[in-house]
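Engineer: Encoded as C-alpha coordinates, here's the structure I'll be asking about.
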Amino acid sequence: MRSRLTDSDHWVYTAPNMGSNFSKDGCFHFPTMDKRNLNTLRNYLCNYNPPQGCVDCINILLFGMVGAGKSSAINTFLSALDPQGATITCVPTGDNPASLTPELTCYRAGSLKFWDSTGWNALEKPDQTQGVLQMILEGRVPKGTNLQHLNHDLDVSNYPVIPENVIHGVTFIFDISTMDSISDDKMNAFQELQTIVAQKYVHRVVIGTKFELLQIPEKHNAWIYEYKPLQQKFEKLAESTGMERRSMFVVSNQWKGDQIEMIKCILALYVLDNMVRNIDQFLKAV
(Lines give C-alpha, C1' and ligand atoms only; values in the text may rest on other atoms or scores of the structure.)
Protein backbone atom coordinates (compact mmCIF):
# COMPACT_ATOMS: atom_id res chain seq x y z
CA MET A 1 0.00 0.00 0.00
CA ARG A 2 1.05 3.66 -0.15
CA SER A 3 -0.03 6.71 1.79
CA ARG A 4 -0.42 10.06 0.09
CA LEU A 5 1.04 13.24 1.56
CA THR A 6 -0.24 16.80 1.09
CA ASP A 7 2.18 17.32 -1.80
CA SER A 8 0.58 15.57 -4.78
CA ASP A 9 4.02 14.74 -6.20
CA HIS A 10 5.22 13.09 -3.02
CA TRP A 11 4.35 9.49 -2.19
CA VAL A 12 5.61 7.46 0.71
CA TYR A 13 5.45 3.69 0.43
CA THR A 14 4.33 1.82 3.52
CA ALA A 15 5.52 -1.77 3.69
CA PRO A 16 2.69 -4.32 3.88
CA ASN A 17 3.02 -7.66 5.60
CA MET A 18 5.37 -9.43 3.16
CA GLY A 19 6.15 -12.61 5.08
CA SER A 20 9.37 -14.19 6.22
CA ASN A 21 11.25 -13.49 2.99
CA PHE A 22 11.55 -9.83 3.93
CA SER A 23 13.58 -8.26 6.72
CA LYS A 24 15.68 -5.16 7.31
CA ASP A 25 18.44 -7.33 8.78
CA GLY A 26 21.49 -7.29 6.54
CA CYS A 27 20.09 -4.49 4.38
CA PHE A 28 22.53 -1.76 3.33
CA HIS A 29 20.38 0.30 0.99
CA PHE A 30 17.17 2.17 1.78
CA PRO A 31 16.32 4.35 -1.26
CA THR A 32 13.33 6.59 -0.69
CA MET A 33 10.63 5.57 -3.16
CA ASP A 34 8.83 8.80 -3.88
CA LYS A 35 8.67 11.26 -6.76
CA ARG A 36 10.50 13.95 -4.81
CA ASN A 37 13.53 11.69 -4.40
CA LEU A 38 13.29 10.70 -8.06
CA ASN A 39 13.50 14.35 -9.08
CA THR A 40 16.36 15.02 -6.64
CA LEU A 41 18.44 12.14 -7.96
CA ARG A 42 17.72 12.93 -11.60
CA ASN A 43 18.43 16.64 -11.23
CA TYR A 44 21.76 15.99 -9.52
CA LEU A 45 22.91 13.49 -12.14
CA CYS A 46 21.64 15.41 -15.17
CA ASN A 47 23.23 18.66 -13.98
CA TYR A 48 26.44 17.15 -12.63
CA ASN A 49 29.71 18.74 -13.77
CA PRO A 50 33.04 17.02 -13.07
CA PRO A 51 35.56 18.94 -10.95
CA GLN A 52 37.53 21.69 -12.67
CA GLY A 53 40.64 20.39 -14.38
CA CYS A 54 39.13 16.99 -15.14
CA VAL A 55 37.71 15.81 -18.44
CA ASP A 56 34.15 16.87 -19.19
CA CYS A 57 32.48 13.60 -18.28
CA ILE A 58 32.57 10.60 -15.96
CA ASN A 59 33.25 7.32 -17.76
CA ILE A 60 31.47 4.25 -16.40
CA LEU A 61 32.38 0.84 -17.81
CA LEU A 62 29.86 -1.99 -17.70
CA PHE A 63 31.70 -5.31 -17.52
CA GLY A 64 30.10 -8.71 -17.25
CA MET A 65 29.58 -12.13 -18.76
CA VAL A 66 27.76 -12.70 -22.03
CA GLY A 67 24.02 -12.25 -21.48
CA ALA A 68 24.35 -10.70 -18.02
CA GLY A 69 22.38 -7.62 -19.06
CA LYS A 70 25.06 -4.96 -19.69
CA SER A 71 23.34 -3.41 -22.69
CA SER A 72 19.91 -3.56 -21.06
CA ALA A 73 21.32 -1.82 -17.97
CA ILE A 74 22.58 1.05 -20.14
CA ASN A 75 19.10 1.41 -21.66
CA THR A 76 17.69 1.50 -18.14
CA PHE A 77 20.15 4.20 -17.07
CA LEU A 78 19.42 6.32 -20.14
CA SER A 79 15.67 5.94 -19.60
CA ALA A 80 15.91 6.84 -15.91
CA LEU A 81 17.97 9.94 -16.75
CA ASP A 82 15.49 11.11 -19.38
CA PRO A 83 13.54 14.12 -18.01
CA GLN A 84 10.25 12.37 -18.72
CA GLY A 85 11.46 8.87 -17.95
CA ALA A 86 10.80 7.85 -21.54
CA THR A 87 12.02 4.35 -22.35
CA ILE A 88 15.17 4.42 -24.45
CA THR A 89 16.30 1.35 -26.36
CA CYS A 90 19.22 2.65 -28.41
CA VAL A 91 21.54 -0.10 -27.17
CA PRO A 92 20.92 -3.43 -28.97
CA THR A 93 19.93 -6.19 -26.54
CA GLY A 94 18.72 -9.77 -26.38
CA ASP A 95 18.36 -11.63 -29.66
CA ASN A 96 19.42 -8.63 -31.74
CA PRO A 97 22.60 -9.78 -33.56
CA ALA A 98 24.12 -6.33 -32.98
CA SER A 99 24.02 -6.96 -29.23
CA LEU A 100 26.72 -9.62 -29.60
CA THR A 101 29.21 -7.44 -31.43
CA PRO A 102 32.62 -7.31 -29.74
CA GLU A 103 33.34 -3.61 -30.24
CA LEU A 104 33.84 -1.18 -27.39
CA THR A 105 30.97 1.31 -27.62
CA CYS A 106 29.75 4.23 -25.52
CA TYR A 107 26.56 6.16 -24.91
CA ARG A 108 26.41 9.60 -23.32
CA ALA A 109 23.82 11.34 -21.18
CA GLY A 110 24.94 14.77 -19.96
CA SER A 111 28.23 14.39 -18.10
CA LEU A 112 27.88 10.61 -17.81
CA LYS A 113 29.27 8.26 -20.44
CA PHE A 114 28.45 4.56 -20.34
CA TRP A 115 30.87 2.13 -22.00
CA ASP A 116 29.58 -1.22 -23.24
CA SER A 117 32.00 -4.07 -23.86
CA THR A 118 32.01 -7.66 -25.00
CA GLY A 119 31.33 -10.30 -22.36
CA TRP A 120 34.52 -10.94 -20.44
CA ASN A 121 34.03 -14.70 -20.77
CA ALA A 122 33.86 -14.32 -24.58
CA LEU A 123 37.57 -13.59 -24.87
CA GLU A 124 39.73 -16.62 -25.54
CA LYS A 125 42.16 -16.56 -22.60
CA PRO A 126 42.01 -15.20 -19.02
CA ASP A 127 45.21 -13.19 -19.49
CA GLN A 128 43.69 -11.64 -22.61
CA THR A 129 40.63 -10.58 -20.62
CA GLN A 130 42.80 -9.06 -17.87
CA GLY A 131 45.00 -7.26 -20.37
CA VAL A 132 42.05 -5.86 -22.31
CA LEU A 133 40.34 -4.69 -19.09
CA GLN A 134 43.49 -2.92 -17.95
CA MET A 135 43.85 -1.14 -21.31
CA ILE A 136 40.21 -0.02 -21.23
CA LEU A 137 40.60 1.30 -17.67
CA GLU A 138 43.64 3.32 -18.70
CA GLY A 139 41.79 4.84 -21.66
CA ARG A 140 44.02 3.21 -24.27
CA VAL A 141 41.23 1.64 -26.32
CA PRO A 142 39.54 3.86 -28.94
CA LYS A 143 35.79 3.67 -29.30
CA GLY A 144 34.78 1.06 -31.86
CA THR A 145 37.79 -1.18 -31.28
CA ASN A 146 37.14 -4.90 -31.77
CA LEU A 147 38.13 -6.31 -28.38
CA GLN A 148 38.45 -9.83 -29.76
CA HIS A 149 41.30 -8.66 -31.99
CA LEU A 150 42.97 -6.32 -29.49
CA ASN A 151 46.58 -7.37 -28.87
CA HIS A 152 47.26 -6.36 -25.30
CA ASP A 153 50.81 -7.74 -25.48
CA LEU A 154 52.01 -4.96 -27.79
CA ASP A 155 54.06 -2.09 -26.42
CA VAL A 156 51.73 0.39 -24.70
CA SER A 157 53.15 3.11 -26.95
CA ASN A 158 51.00 1.58 -29.67
CA TYR A 159 47.96 2.47 -27.58
CA PRO A 160 48.45 5.99 -26.16
CA VAL A 161 46.13 7.18 -23.42
CA ILE A 162 43.04 9.01 -24.65
CA PRO A 163 42.20 11.28 -21.67
CA GLU A 164 38.48 11.44 -22.42
CA ASN A 165 38.30 7.63 -22.43
CA VAL A 166 39.90 6.98 -19.02
CA ILE A 167 37.46 4.96 -16.91
CA HIS A 168 36.37 6.39 -13.54
CA GLY A 169 33.98 3.67 -12.42
CA VAL A 170 33.23 0.04 -13.21
CA THR A 171 29.94 -1.76 -12.74
CA PHE A 172 30.33 -5.52 -12.75
CA ILE A 173 27.07 -6.89 -14.12
CA PHE A 174 25.58 -10.17 -12.93
CA ASP A 175 22.38 -11.90 -13.92
CA ILE A 176 20.91 -12.51 -10.47
CA SER A 177 18.73 -15.37 -11.70
CA THR A 178 21.77 -17.41 -12.83
CA MET A 179 24.37 -16.16 -10.36
CA ASP A 180 24.34 -19.38 -8.34
CA SER A 181 25.26 -21.48 -11.38
CA ILE A 182 28.49 -19.62 -12.18
CA SER A 183 31.40 -22.05 -11.90
CA ASP A 184 34.16 -21.59 -9.34
CA ASP A 185 36.67 -21.06 -12.16
CA LYS A 186 34.66 -18.19 -13.61
CA MET A 187 34.13 -16.69 -10.15
CA ASN A 188 37.87 -16.85 -9.49
CA ALA A 189 38.43 -15.12 -12.83
CA PHE A 190 36.00 -12.41 -11.79
CA GLN A 191 37.86 -11.95 -8.49
CA GLU A 192 41.07 -11.32 -10.43
CA LEU A 193 39.30 -8.81 -12.67
CA GLN A 194 37.85 -6.81 -9.78
CA THR A 195 41.29 -6.84 -8.12
CA ILE A 196 42.74 -5.20 -11.25
CA VAL A 197 40.10 -2.48 -10.98
CA ALA A 198 40.83 -1.97 -7.28
CA GLN A 199 44.58 -1.68 -7.93
CA LYS A 200 43.86 1.08 -10.46
CA TYR A 201 41.93 3.00 -7.78
CA VAL A 202 38.82 2.90 -9.94
CA HIS A 203 35.50 2.94 -8.11
CA ARG A 204 33.68 -0.37 -8.53
CA VAL A 205 30.26 -1.76 -7.73
CA VAL A 206 28.25 -4.87 -8.56
CA ILE A 207 24.89 -4.53 -10.25
CA GLY A 208 22.45 -7.43 -10.30
CA THR A 209 20.03 -7.50 -13.22
CA LYS A 210 16.90 -9.52 -14.00
CA PHE A 211 15.71 -9.52 -10.39
CA GLU A 212 12.18 -9.96 -11.78
CA LEU A 213 13.10 -13.61 -12.28
CA LEU A 214 13.40 -14.06 -8.50
CA GLN A 215 9.59 -14.13 -8.47
CA ILE A 216 9.25 -11.08 -6.23
CA PRO A 217 5.76 -9.61 -6.66
CA GLU A 218 6.05 -6.31 -8.51
CA LYS A 219 4.24 -4.51 -5.69
CA HIS A 220 7.18 -5.44 -3.41
CA ASN A 221 9.94 -4.05 -5.66
CA ALA A 222 10.18 -0.97 -3.45
CA TRP A 223 11.69 -3.20 -0.75
CA ILE A 224 13.97 -5.22 -3.02
CA TYR A 225 17.04 -4.67 -0.83
CA GLU A 226 15.22 -6.16 2.16
CA TYR A 227 14.46 -9.36 0.25
CA LYS A 228 16.33 -12.18 2.01
CA PRO A 229 17.01 -14.37 -1.06
CA LEU A 230 18.67 -11.36 -2.73
CA GLN A 231 20.72 -10.62 0.39
CA GLN A 232 21.87 -14.24 0.44
CA LYS A 233 23.00 -14.05 -3.18
CA PHE A 234 24.99 -10.89 -2.48
CA GLU A 235 26.45 -12.41 0.68
CA LYS A 236 27.67 -15.42 -1.31
CA LEU A 237 29.13 -13.15 -3.99
CA ALA A 238 30.89 -11.05 -1.36
CA GLU A 239 32.46 -14.16 0.20
CA SER A 240 33.79 -15.42 -3.13
CA THR A 241 35.07 -12.10 -4.49
CA GLY A 242 36.11 -9.99 -1.51
CA MET A 243 33.77 -7.14 -2.48
CA GLU A 244 31.56 -5.56 0.17
CA ARG A 245 27.82 -6.12 0.11
CA ARG A 246 27.25 -2.39 0.51
CA SER A 247 28.75 -1.99 -3.00
CA MET A 248 26.12 -4.30 -4.52
CA PHE A 249 22.96 -2.93 -6.14
CA VAL A 250 20.15 -3.99 -8.43
CA VAL A 251 18.56 -2.50 -11.53
CA SER A 252 15.62 -3.69 -13.56
CA ASN A 253 15.98 -4.27 -17.29
CA GLN A 254 12.27 -4.70 -17.90
CA TRP A 255 9.54 -2.10 -18.17
CA LYS A 256 6.09 -1.66 -19.61
CA GLY A 257 4.95 0.85 -22.20
CA ASP A 258 6.78 3.99 -23.23
CA GLN A 259 7.79 5.14 -19.74
CA ILE A 260 9.95 3.48 -17.11
CA GLU A 261 8.14 3.05 -13.79
CA MET A 262 9.08 5.32 -10.89
CA ILE A 263 10.51 2.57 -8.66
CA LYS A 264 12.69 1.21 -11.46
CA CYS A 265 13.85 4.76 -12.22
CA ILE A 266 14.87 5.29 -8.61
CA LEU A 267 16.70 1.95 -8.39
CA ALA A 268 18.76 2.89 -11.45
CA LEU A 269 19.40 6.48 -10.38
CA TYR A 270 20.25 5.38 -6.83
CA VAL A 271 23.26 3.33 -7.93
CA LEU A 272 24.40 6.06 -10.35
CA ASP A 273 24.16 8.64 -7.58
CA ASN A 274 26.31 6.43 -5.35
CA MET A 275 28.93 6.02 -8.07
CA VAL A 276 29.06 9.65 -9.16
CA ARG A 277 29.35 11.01 -5.62
CA ASN A 278 32.18 8.60 -4.78
CA ILE A 279 33.99 9.32 -8.05
CA ASP A 280 33.53 13.06 -7.61
CA GLN A 281 35.04 12.90 -4.13
CA PHE A 282 38.04 10.97 -5.46
CA LEU A 283 38.57 13.35 -8.40
CA LYS A 284 38.56 16.36 -6.06
CA ALA A 285 41.16 14.68 -3.82
CA VAL A 286 43.72 13.89 -6.53
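Ordered as shown in the C-alpha coordinates, chains take letters A, B, and onward, while each chain numbers its residues from 1 and ligands are numbered from 1 in the order shown.
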Tell me which protein, DNA and RNA residues are within 9 Å of range 205-220 of chain A, counting only C-alpha atoms, leaving out same-chain ones fewer than 3 positions away, and put them as a PyMOL selection string.
Structural biologist: chain A and resi 1+15-16+18+68-70+72-73+169-177+179+223-224+227+229-230+234+243-254+271+275
Engineer: What does the structure give for the distance between CA of Gly242 in chain A and CA of Phe77 in chain A, in Å to one decimal?
Structural biologist: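 Computing the Euclidean distance for CA of Gly242 in chain A and CA of Phe77 in chain A yields 26.4 Å.
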Engineer: Using DSSP on the backbone coordinates, identify all residues within range 36-88 of chain A classified as helix (DSSP H, G or I); present the result as a list in words.
Structural biologist: Arg36, Asn37, Leu38, Asn39, Thr40, Leu41, Arg42, Asn43, Tyr44, Leu45, Cys46, Lys70, Ser71, Ser72, Ala73, Ile74, Asn75, Thr76, Phe77, Leu78, Ser79, Ala80 and Leu81 of chain A
Engineer: Quick check, in Å to one decimal: how far apart do CA of Asn21 in chain A and CA of Leu269 in chain A lie?
Structural biologist: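 About the pair CA of Asn21 in chain A and CA of Leu269 in chain A: they are 25.4 Å apart.
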Engineer: Pick out the residues sitting within 12 Å of Gln281 in chain A, and hand them over as an mmCIF file with all heavy atoms, in the first residue's frame; count only C-alpha atoms, and ignore anything fewer than 6 positions along from it in its own chain.
Structural biologist:
data_model
loop_
_atom_site.group_PDB
_atom_site.id
_atom_site.type_symbol
_atom_site.label_atom_id
_atom_site.label_comp_id
_atom_site.auth_asym_id
_atom_site.auth_seq_id
_atom_site.Cartn_x
_atom_site.Cartn_y
_atom_site.Cartn_z
ATOM 1 N N PRO A 50 31.823 17.518 -13.727
ATOM 2 C CA PRO A 50 33.042 17.016 -13.069
ATOM 3 C C PRO A 50 33.875 18.161 -12.520
ATOM 4 O O PRO A 50 33.747 19.311 -12.972
ATOM 5 C CB PRO A 50 33.778 16.287 -14.205
ATOM 6 C CG PRO A 50 32.702 15.937 -15.187
ATOM 7 C CD PRO A 50 31.728 17.076 -15.121
ATOM 8 N N PRO A 51 34.727 17.886 -11.543
ATOM 9 C CA PRO A 51 35.564 18.939 -10.951
ATOM 10 C C PRO A 51 36.415 19.647 -12.007
ATOM 11 O O PRO A 51 36.789 19.064 -13.030
ATOM 12 C CB PRO A 51 36.444 18.182 -9.957
ATOM 13 C CG PRO A 51 35.671 16.945 -9.644
ATOM 14 C CD PRO A 51 34.941 16.588 -10.897
ATOM 15 N N HIS A 168 36.441 5.931 -14.929
ATOM 16 C CA HIS A 168 36.371 6.390 -13.537
ATOM 17 C C HIS A 168 35.614 5.413 -12.633
ATOM 18 O O HIS A 168 35.796 5.440 -11.414
ATOM 19 C CB HIS A 168 35.691 7.757 -13.473
ATOM 20 C CG HIS A 168 36.349 8.797 -14.326
ATOM 21 N ND1 HIS A 168 35.842 9.193 -15.543
ATOM 22 C CD2 HIS A 168 37.484 9.508 -14.136
ATOM 23 C CE1 HIS A 168 36.629 10.119 -16.066
ATOM 24 N NE2 HIS A 168 37.626 10.324 -15.240
ATOM 25 N N HIS A 203 36.667 3.300 -8.918
ATOM 26 C CA HIS A 203 35.504 2.943 -8.106
ATOM 27 C C HIS A 203 34.756 1.789 -8.768
ATOM 28 O O HIS A 203 34.547 1.774 -9.977
ATOM 29 C CB HIS A 203 34.572 4.146 -7.960
ATOM 30 C CG HIS A 203 33.412 3.894 -7.060
ATOM 31 N ND1 HIS A 203 33.541 3.686 -5.711
ATOM 32 C CD2 HIS A 203 32.071 3.802 -7.320
ATOM 33 C CE1 HIS A 203 32.360 3.495 -5.161
ATOM 34 N NE2 HIS A 203 31.451 3.561 -6.120
ATOM 35 N N ASN A 274 25.243 6.954 -6.198
ATOM 36 C CA ASN A 274 26.311 6.431 -5.345
ATOM 37 C C ASN A 274 27.650 6.485 -6.067
ATOM 38 O O ASN A 274 28.668 6.909 -5.500
ATOM 39 C CB ASN A 274 25.974 4.997 -4.936
ATOM 40 C CG ASN A 274 27.079 4.327 -4.142
ATOM 41 O OD1 ASN A 274 28.044 3.821 -4.706
ATOM 42 N ND2 ASN A 274 26.952 4.319 -2.825
ATOM 43 N N MET A 275 27.676 6.056 -7.312
ATOM 44 C CA MET A 275 28.928 6.024 -8.067
ATOM 45 C C MET A 275 29.468 7.431 -8.318
ATOM 46 O O MET A 275 30.647 7.713 -8.087
ATOM 47 C CB MET A 275 28.721 5.306 -9.399
ATOM 48 C CG MET A 275 28.443 3.827 -9.290
ATOM 49 S SD MET A 275 28.594 2.977 -10.879
ATOM 50 C CE MET A 275 30.398 2.980 -11.063
#
Engineer: I need the residue nearest Ala198 in chain A from this list: A:Thr241, A:Asn165, A:Asn43, A:Gln232. Use only C-alpha atoms for the distance.
Structural biologist: A:Thr241
Engineer: Between CA of Gln231 in chain A and CA of Phe28 in chain A, measure the distance and give it in Å to one decimal.
Structural biologist: 9.5 Å
Engineer: Using only C-alpha atoms for the distances, tell me which of A:Leu104, A:Pro83, A:Leu193, A:Gln259 is nearest to Gln128 in chain A.
Structural biologist: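 Between A:Leu104, A:Pro83, A:Leu193, A:Gln259, the residue approaching Gln128 in chain A most closely is A:Leu193.
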Engineer: Give me the residues near range 136-142 of chain A as a PyMOL selection string, where near means some atom within 9 Å (using only C-alpha atoms) and where sequence neighbours in that chain fewer than 6 positions away do not count.
Structural biologist: chain A and resi 61+104+150+156+158-170+197+200+202
Engineer: Residues at most 12 Å from Val286 in chain A, counting only C-alpha atoms, excluding those fewer than 3 positions away in the same chain, as a PyMOL selection string?
Structural biologist: chain A and resi 51-54+201+279-283
Engineer: Taking the chain letters and numbering used in this document, name the residues of range 90-250 of chain A that DSSP puts in strand (DSSP E), as a list in words.
Structural biologist: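 The strand (DSSP E) residues within range 90-250 of chain A come out as Thr105, Cys106, Tyr107, Arg108, Ala109, Leu112, Lys113, Phe114, Trp115, Asp116, Gly169, Val170, Thr171, Phe172, Ile173, Phe174, Asp175, His203, Arg204, Val205, Val206, Ile207, Gly208, Thr209, Met248, Phe249 and Val250 of chain A.
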Engineer: Go through A:Cys106, A:Ile263, A:Cys57, A:Leu38 one by one, measure the shortest atom-to-atom distance of each to Asp82 in chain A using only C-alpha atoms, and give the residue with the smallest value.
Structural biologist: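 Smallest separation from Asp82 in chain A among the options: A:Leu38.
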Engineer: At a cut-off of 6 Å, using only C-alpha atoms, what residues contact range 86-95 of chain A? Leave out same-chain residues fewer than 5 positions from it and give the result as a JSON list (two decimals) with N, CA, C and O atoms, in the first residue's frame.
Structural biologist:
[["chain", "number", "residue", "atom", "x", "y", "z"],
["A", 71, "SER", "N", 23.98, -4.34, -21.77],
["A", 71, "SER", "CA", 23.34, -3.41, -22.69],
["A", 71, "SER", "C", 21.98, -2.97, -22.18],
["A", 71, "SER", "O", 21.61, -1.79, -22.28],
["A", 75, "ASN", "N", 20.42, 0.89, -21.27],
["A", 75, "ASN", "CA", 19.10, 1.41, -21.66],
["A", 75, "ASN", "C", 18.31, 1.87, -20.45],
["A", 75, "ASN", "O", 17.61, 2.89, -20.49],
["A", 79, "SER", "N", 17.10, 5.68, -19.79],
["A", 79, "SER", "CA", 15.67, 5.94, -19.60],
["A", 79, "SER", "C", 15.42, 6.66, -18.28],
["A", 79, "SER", "O", 14.62, 7.61, -18.22],
["A", 258, "ASP", "N", 5.79, 3.04, -22.74],
["A", 258, "ASP", "CA", 6.78, 3.99, -23.23],
["A", 258, "ASP", "C", 7.41, 4.82, -22.12],
["A", 258, "ASP", "O", 8.12, 5.79, -22.39],
["A", 259, "GLN", "N", 7.16, 4.45, -20.86],
["A", 259, "GLN", "CA", 7.79, 5.14, -19.74],
["A", 259, "GLN", "C", 8.25, 4.12, -18.71],
["A", 259, "GLN", "O", 7.55, 3.15, -18.43],
["A", 260, "ILE", "N", 9.43, 4.36, -18.13],
["A", 260, "ILE", "CA", 9.95, 3.48, -17.11],
["A", 260, "ILE", "C", 9.29, 3.82, -15.77],
["A", 260, "ILE", "O", 9.11, 5.01, -15.44]]
Engineer: A:Thr145, A:Asn59, A:Ser183, A:Thr129: which is nearest Ala109 in chain A, counting only C-alpha atoms?
Structural biologist: A:Asn59
Engineer: Could you list, as a list in words, every residue within 12 Å of Asp185 in chain A, counting only C-alpha atoms and ignoring same-chain residues fewer than 5 positions away?
Structural biologist: Asn121, Pro126, Phe190, Gln191, Glu192, Ser240 and Thr241 of chain A
Engineer: Go ahead and write the selection's residues with all heavy atoms as a CSV table (one decimal), in the first residue's frame.
Structural biologist:
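Saved result, selection.csv, follows:
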chain,number,residue,atom,x,y,z
A,121,ASN,N,33.8,-13.3,-20.6
A,121,ASN,CA,34.0,-14.7,-20.8
A,121,ASN,C,34.0,-15.1,-22.3
A,121,ASN,O,34.2,-16.2,-22.6
A,121,ASN,CB,33.0,-15.5,-20.0
A,121,ASN,CG,31.6,-15.2,-20.4
A,121,ASN,OD1,31.2,-14.1,-20.7
A,121,ASN,ND2,30.7,-16.2,-20.5
A,126,PRO,N,42.1,-16.1,-20.2
A,126,PRO,CA,42.0,-15.2,-19.0
A,126,PRO,C,43.0,-14.0,-19.0
A,126,PRO,O,42.6,-12.9,-18.7
A,126,PRO,CB,42.3,-16.1,-17.8
A,126,PRO,CG,41.9,-17.5,-18.3
A,126,PRO,CD,42.3,-17.5,-19.8
A,190,PHE,N,36.6,-13.7,-12.1
A,190,PHE,CA,36.0,-12.4,-11.8
A,190,PHE,C,36.7,-11.7,-10.6
A,190,PHE,O,37.0,-10.5,-10.7
A,190,PHE,CB,34.5,-12.6,-11.4
A,190,PHE,CG,33.9,-11.4,-10.7
A,190,PHE,CD1,33.7,-10.2,-11.5
A,190,PHE,CD2,33.7,-11.4,-9.4
A,190,PHE,CE1,33.2,-9.1,-10.8
A,190,PHE,CE2,33.1,-10.3,-8.8
A,190,PHE,CZ,32.9,-9.1,-9.5
A,191,GLN,N,37.1,-12.5,-9.6
A,191,GLN,CA,37.9,-11.9,-8.5
A,191,GLN,C,39.2,-11.3,-9.0
A,191,GLN,O,39.5,-10.2,-8.5
A,191,GLN,CB,38.2,-13.0,-7.5
A,191,GLN,CG,38.8,-12.5,-6.2
A,191,GLN,CD,39.0,-13.5,-5.1
A,191,GLN,OE1,38.7,-14.7,-5.4
A,191,GLN,NE2,39.3,-13.1,-3.9
A,192,GLU,N,39.8,-11.9,-9.9
A,192,GLU,CA,41.1,-11.3,-10.4
A,192,GLU,C,40.8,-10.0,-11.2
A,192,GLU,O,41.5,-9.1,-11.1
A,192,GLU,CB,41.8,-12.3,-11.3
A,192,GLU,CG,42.3,-13.6,-10.6
A,192,GLU,CD,42.9,-14.6,-11.5
A,192,GLU,OE1,42.8,-14.4,-12.7
A,192,GLU,OE2,43.4,-15.6,-11.0
A,240,SER,N,33.0,-14.8,-2.1
A,240,SER,CA,33.8,-15.4,-3.1
A,240,SER,C,34.6,-14.4,-3.9
A,240,SER,O,35.6,-14.8,-4.6
A,240,SER,CB,32.9,-16.2,-4.1
A,240,SER,OG,32.0,-15.3,-4.7
A,241,THR,N,34.3,-13.1,-3.7
A,241,THR,CA,35.1,-12.1,-4.5
A,241,THR,C,35.8,-11.1,-3.6
A,241,THR,O,36.7,-10.4,-4.1
A,241,THR,CB,34.1,-11.3,-5.4
A,241,THR,OG1,33.2,-10.6,-4.6
A,241,THR,CG2,33.3,-12.2,-6.3
